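Peer 1: Pasting a structure below so you can have a look.
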Amino acid sequence: DYVSLFGAGSGTTTIDAENGGIDALQVYGDGFSVSGFTFDRALDAIEMNQGGFTVSNNTFTANVSNGVYLDFSQDNLDEDYSIGDVSVTGNTFNINGTSNGNNPAGGVYLSATGNLSSALTGNSITAIGNASTYGIYMLSSNGTIGLTANNNTMDIASTAGSGYGIYAEAGDINIGGYIGSGSQIDVESASDAFGIYLKGDRNRCLGFFDISVHSTANDAYGIYLSSEYDIGSGEIRDGYISATSDNSDAYGIFVQAKRHIDSIDIFNMDLIQVFANELAYGMYLQTLEGEFQFNTISGNNIIASSANNGATGIFCRAYEDFLGVTFEDNNMAESGCYVSGALASYGIRLRSDYGHVGWDTGASWPDEVFPVNI
């Protein structure tokens with residue numbers, strides 16, 4: 001029921017497609033593992049049509065457009081259908097998709113109908129492409145993603161499209177441990193740049209990472225979280241973020257939920273530094289139709305600077321009320337931290353579209369709620 005391919009080592013055993021327009025290895029079925037190879041001159045080095053596989057300790061050369069590629073699509077599946085677990089560990093990806101036209105390029109691409117669970121750890125991913133370029137890409141069209149992505153090093157560049165370190169999108173996203181833990185993520189893009197992009201419901205725990213993003217034309221986001229419902233019961237902690245946009249807006253942490261942002265704690269960020277030509281936000285959190293409730297933002301060091309517009313250290317915008325919110329010991333004025341802009345700028349700014357902000361909602365007001373450089 002299972003097939004394993006073991007090479008003598010990536011420095012010894014090579015699978016060479018000899019044509020950048022075809023795949024080096026195609027696998028139709030689950031229960032497969034491959035280890036100890038170098039993959040060269042291929043469109044997709046390893047293409048799968050089922051889950052349930054392990055890829056470990058391989059090298060993917062710069063002549064490969066996509067390293068590990070899974071595309072499982074099937075109609076009329078049971079509601080809780082799950083494909084087999086995916087494990088990609090200890091690999092070195094040197095991806096160059098610039099000869100692949102305007103097609104996406106990257107290290108690990110996983111797209112599935114149904115539930116998809118993966119462990120993606122200990123990989124070194126360098127990728128350059130003309131269009132969307134990614135380190136890790138995961139999409140479940142109608143199910144849940146289970147994601148463990150730790151101890152990865154990523155250097156991503158897109159010459160024309162958006163760039164992503166980690167991209168995950170599903171109805172629900174369940175995080176194993178802290179996503180990004182022990183990871184170094186660098187993204188350079190001529191369009192939007194994202195360090196970690198998560199779109200889906202449920203809890204998100206991110207921490208212990210080092211993220212740097214730079215967009216030469218559009219927006220830059222260190223962390224981008226969004227949901228068509230609620231975002232709640234999660235943490236963002238103990239990390240470093242640098243976000244720079246040469247011509248547009250930049251965000252250290254961006255969180256947007258259609259309904260509620262509930263019980264999200266952001267704390268002990270070593271430094272969030274944001275530089276933008278236009279709007280600069282250390283943190284930007286927004287509900288489109290609901291409340292901002294029981295969230296704690298504490299112990300963070302922030303630099304936010306705009307060359308031609310406003311800058312804000314922490315901006316929270318609720319459609320309805322702020323309930324039980326705590327801000328504490330956030331530094332935007334000492335030890336090299338600051339907020340500055342050409343137009344109106346703020347340390348912490350709270351806005352409610354149709355609700356209330358203040359003591360009557362249970363909000364805990366800090367000493368550092370203040371406008372700066374107006």
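All residue names refer to the structure tokens as shown: chains lettered A, B, ... in order, residues numbered from 1 in each chain, ligands numbered from 1 in order.
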What are the nearest atom pairs, with distances in Å to one decimal, for all residues of segment 65-134 of chain A that come at most 12 Å from segment 12-21 of chain A, using only C-alpha atoms, set out by chain and rising residue number as JSON lines?
Peer 2:
{"residue": "A:Ser65", "atom": "CA", "partner": "A:Gly20", "partner_atom": "CA", "distance": 7.8}
{"residue": "A:Asn66", "atom": "CA", "partner": "A:Gly20", "partner_atom": "CA", "distance": 10.5}
{"residue": "A:Ile95", "atom": "CA", "partner": "A:Gly20", "partner_atom": "CA", "distance": 11.9}
{"residue": "A:Asn96", "atom": "CA", "partner": "A:Gly20", "partner_atom": "CA", "distance": 10.5}
{"residue": "A:Gly97", "atom": "CA", "partner": "A:Gly20", "partner_atom": "CA", "distance": 9.6}
{"residue": "A:Thr98", "atom": "CA", "partner": "A:Gly20", "partner_atom": "CA", "distance": 11.1}
{"residue": "A:Ser99", "atom": "CA", "partner": "A:Gly20", "partner_atom": "CA", "distance": 8.2}
{"residue": "A:Asn100", "atom": "CA", "partner": "A:Gly21", "partner_atom": "CA", "distance": 8.0}
{"residue": "A:Gly101", "atom": "CA", "partner": "A:Gly21", "partner_atom": "CA", "distance": 10.9}
{"residue": "A:Asn103", "atom": "CA", "partner": "A:Gly21", "partner_atom": "CA", "distance": 11.9}
Peer 1: Using only C-alpha atoms, find each residue of segment 164-276 of chain A with at least one atom at most 12 Å away from an atom of segment 134-142 of chain A; report its shortest atom-to-atom pair and that distance in Å (one decimal), sort the rows by chain and rising residue number, and return the result as a tab-separated table.
Peer 2:
residue	atom	partner	partner_atom	distance
A:Tyr164	CA	A:Tyr134	CA	4.6
A:Gly165	CA	A:Gly135	CA	4.8
A:Ile166	CA	A:Ile136	CA	4.8
A:Tyr167	CA	A:Tyr137	CA	4.7
A:Ala168	CA	A:Met138	CA	4.6
A:Glu169	CA	A:Leu139	CA	4.9
A:Ala170	CA	A:Ser140	CA	4.9
A:Gly171	CA	A:Asn142	CA	6.4
A:Asp172	CA	A:Ser140	CA	9.0
A:Ile173	CA	A:Ser140	CA	9.5
A:Ile179	CA	A:Ile136	CA	12.0
A:Gly180	CA	A:Ile136	CA	11.3
A:Ser183	CA	A:Gly135	CA	11.7
A:Gln184	CA	A:Gly135	CA	11.3
A:Ile185	CA	A:Gly135	CA	8.8
A:Asp186	CA	A:Gly135	CA	9.8
A:Val187	CA	A:Tyr134	CA	8.8
A:Glu188	CA	A:Tyr134	CA	10.7
A:Ser189	CA	A:Tyr134	CA	10.7
A:Ala193	CA	A:Tyr134	CA	10.1
A:Phe194	CA	A:Tyr134	CA	9.4
A:Gly195	CA	A:Tyr134	CA	9.6
A:Ile196	CA	A:Ile136	CA	9.6
A:Tyr197	CA	A:Tyr137	CA	9.5
A:Leu198	CA	A:Met138	CA	9.6
A:Lys199	CA	A:Leu139	CA	9.6
A:Gly200	CA	A:Ser140	CA	10.0
Peer 1: Mind writing the picked residues with N, CA, C and O atoms as a short mmCIF file (atom, residue, chain, number, x, y, z; two decimals), in the first residue's frame?
Peer 2:
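Writing done, so here's part20.cif:
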data_model
loop_
_atom_site.label_atom_id
_atom_site.label_comp_id
_atom_site.auth_asym_id
_atom_site.auth_seq_id
_atom_site.Cartn_x
_atom_site.Cartn_y
_atom_site.Cartn_z
N TYR A 164 4.62 36.00 -0.83
CA TYR A 164 4.13 35.46 0.43
C TYR A 164 5.19 34.56 1.06
O TYR A 164 5.75 33.69 0.37
N GLY A 165 5.44 34.73 2.35
CA GLY A 165 6.23 33.73 3.06
C GLY A 165 5.39 32.49 3.28
O GLY A 165 5.66 31.42 2.75
N ILE A 166 4.32 32.64 4.08
CA ILE A 166 3.36 31.56 4.33
C ILE A 166 1.97 32.07 3.98
O ILE A 166 1.54 33.13 4.46
N TYR A 167 1.25 31.31 3.15
CA TYR A 167 -0.13 31.64 2.76
C TYR A 167 -1.01 30.45 3.09
O TYR A 167 -0.72 29.32 2.68
N ALA A 168 -2.10 30.68 3.83
CA ALA A 168 -3.04 29.61 4.14
C ALA A 168 -4.45 30.18 4.10
O ALA A 168 -4.73 31.21 4.71
N GLU A 169 -5.37 29.48 3.40
CA GLU A 169 -6.75 29.93 3.27
C GLU A 169 -7.69 28.73 3.35
O GLU A 169 -7.50 27.74 2.65
N ALA A 170 -8.70 28.85 4.22
CA ALA A 170 -9.68 27.77 4.39
C ALA A 170 -10.87 28.32 5.16
O ALA A 170 -10.83 29.45 5.68
N GLY A 171 -11.93 27.50 5.26
CA GLY A 171 -13.04 27.88 6.12
C GLY A 171 -12.60 28.01 7.56
O GLY A 171 -12.91 28.98 8.25
N ASP A 172 -11.83 27.02 8.04
CA ASP A 172 -11.24 27.04 9.38
C ASP A 172 -9.75 26.77 9.25
O ASP A 172 -9.32 25.95 8.43
N ILE A 173 -8.96 27.43 10.08
CA ILE A 173 -7.53 27.17 10.15
C ILE A 173 -7.17 26.84 11.58
O ILE A 173 -7.39 27.64 12.49
N ILE A 179 2.61 29.14 14.75
CA ILE A 179 3.05 29.21 13.36
C ILE A 179 4.18 30.24 13.25
O ILE A 179 4.15 31.30 13.86
N GLY A 180 5.19 29.87 12.49
CA GLY A 180 6.34 30.74 12.33
C GLY A 180 7.40 30.60 13.39
O GLY A 180 8.46 31.23 13.28
N SER A 183 11.27 30.72 12.81
CA SER A 183 11.39 30.96 11.37
C SER A 183 11.92 32.35 11.07
O SER A 183 11.62 33.32 11.77
N GLN A 184 12.69 32.44 9.99
CA GLN A 184 13.15 33.69 9.40
C GLN A 184 12.47 33.83 8.05
O GLN A 184 12.62 32.98 7.18
N ILE A 185 11.65 34.89 7.88
CA ILE A 185 10.89 35.07 6.64
C ILE A 185 11.21 36.44 6.06
O ILE A 185 10.96 37.47 6.70
N ASP A 186 11.76 36.46 4.84
CA ASP A 186 12.06 37.69 4.12
C ASP A 186 11.31 37.68 2.79
O ASP A 186 11.40 36.70 2.03
N VAL A 187 10.57 38.74 2.52
CA VAL A 187 9.77 38.83 1.29
C VAL A 187 10.02 40.18 0.63
O VAL A 187 9.91 41.23 1.26
N GLU A 188 10.33 40.14 -0.67
CA GLU A 188 10.53 41.33 -1.50
C GLU A 188 9.59 41.22 -2.69
O GLU A 188 9.58 40.20 -3.38
N SER A 189 8.78 42.26 -2.94
CA SER A 189 7.79 42.15 -4.00
C SER A 189 7.59 43.47 -4.72
O SER A 189 7.64 44.54 -4.12
N ALA A 193 3.33 42.60 -0.52
CA ALA A 193 4.26 41.69 0.17
C ALA A 193 3.66 41.28 1.50
O ALA A 193 3.22 42.13 2.28
N PHE A 194 3.65 39.96 1.78
CA PHE A 194 3.09 39.40 3.00
C PHE A 194 4.10 38.45 3.64
O PHE A 194 4.61 37.55 2.97
N GLY A 195 4.36 38.63 4.94
CA GLY A 195 5.18 37.65 5.64
C GLY A 195 4.40 36.39 5.92
O GLY A 195 4.72 35.31 5.45
N ILE A 196 3.30 36.52 6.71
CA ILE A 196 2.38 35.41 6.98
C ILE A 196 0.97 35.90 6.66
O ILE A 196 0.53 36.92 7.19
N TYR A 197 0.26 35.16 5.81
CA TYR A 197 -1.10 35.50 5.38
C TYR A 197 -2.01 34.33 5.74
O TYR A 197 -1.83 33.22 5.24
N LEU A 198 -2.99 34.57 6.62
CA LEU A 198 -3.94 33.54 7.02
C LEU A 198 -5.36 34.07 6.82
O LEU A 198 -5.71 35.12 7.36
N LYS A 199 -6.18 33.33 6.05
CA LYS A 199 -7.56 33.71 5.84
C LYS A 199 -8.46 32.54 6.22
O LYS A 199 -8.41 31.49 5.60
N GLY A 200 -9.25 32.72 7.27
CA GLY A 200 -10.13 31.67 7.76
C GLY A 200 -10.50 31.92 9.20
O GLY A 200 -10.00 32.85 9.84
#
Peer 1: Please report the interatomic distance between atom CA of Phe254 of chain A and atom CA of Gly336 of chain A in Å with one decimal.
Peer 2: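 Atom CA of Gly336 of chain A lies at a distance of 22.8 Å from atom CA of Phe254 of chain A.
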Peer 1: Write out as a count of residues only all residues of segment 189-282 of chain A that backbone DSSP assigns to strand (DSSP E).
Peer 2: 64
Peer 1: Looking at only C-alpha atoms, which of A:Ile46, A:Ile145, A:Ile125, A:Ile175 is the one that sits closest to Ala157 of chain A?
Peer 2: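 Once distances to Ala157 of chain A are computed over only C-alpha atoms, the minimum belongs to A:Ile125.
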Peer 1: Using only C-alpha atoms, which protein or nucleic acid residues come within 10 Å of Ser245 of chain A? Drop anything in the same chain fewer than 4 positions from it, and give the result as an NGL selection string.
Peer 2: :A and (189-193 or 213-221 or 249-251 or 274-280 or 306)
Peer 1: Kindly indicate which residue among A:Ser33, A:Ser181, A:Ser352, A:Asn174 lies nearest to Glu291 of chain A, using only C-alpha atoms for the distances.
Peer 2: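 So, comparing all the options, the nearest one is A:Ser352.
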Peer 1: Find the residue from A:Met154, A:Leu147, A:Met48, A:Ala160 that sits nearest to Gly106 of chain A; use only C-alpha atoms when measuring.
Peer 2: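 Answer, going by the shortest atom-to-atom distance: A:Met154.
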Peer 1: Fewer than 5 positions away in the same chain doesn't count, so skip those; otherwise give me all residues within 12 Å of Ser305 of chain A, counting only C-alpha atoms, as an MDAnalysis selection string.
Peer 2: chainID A and resid 242:246 249:252 272:282 310:313 332 337:347 372:373
Peer 1: Record the distance separating atom CA of Gly182 of chain A and atom CA of Ser82 of chain A, expressed in Å with one decimal.
Peer 2: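 One can read the atom CA of Gly182 of chain A to atom CA of Ser82 of chain A distance as 28.5 Å.
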Peer 1: For each of A:Leu70, A:Val34, A:Ile297, A:Val325, take the minimum atom-to-atom distance to Val55 of chain A, counting only C-alpha atoms, then give the residue where this is smallest.
Peer 2: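 Closest residue, counting only C-alpha atoms: A:Val34.
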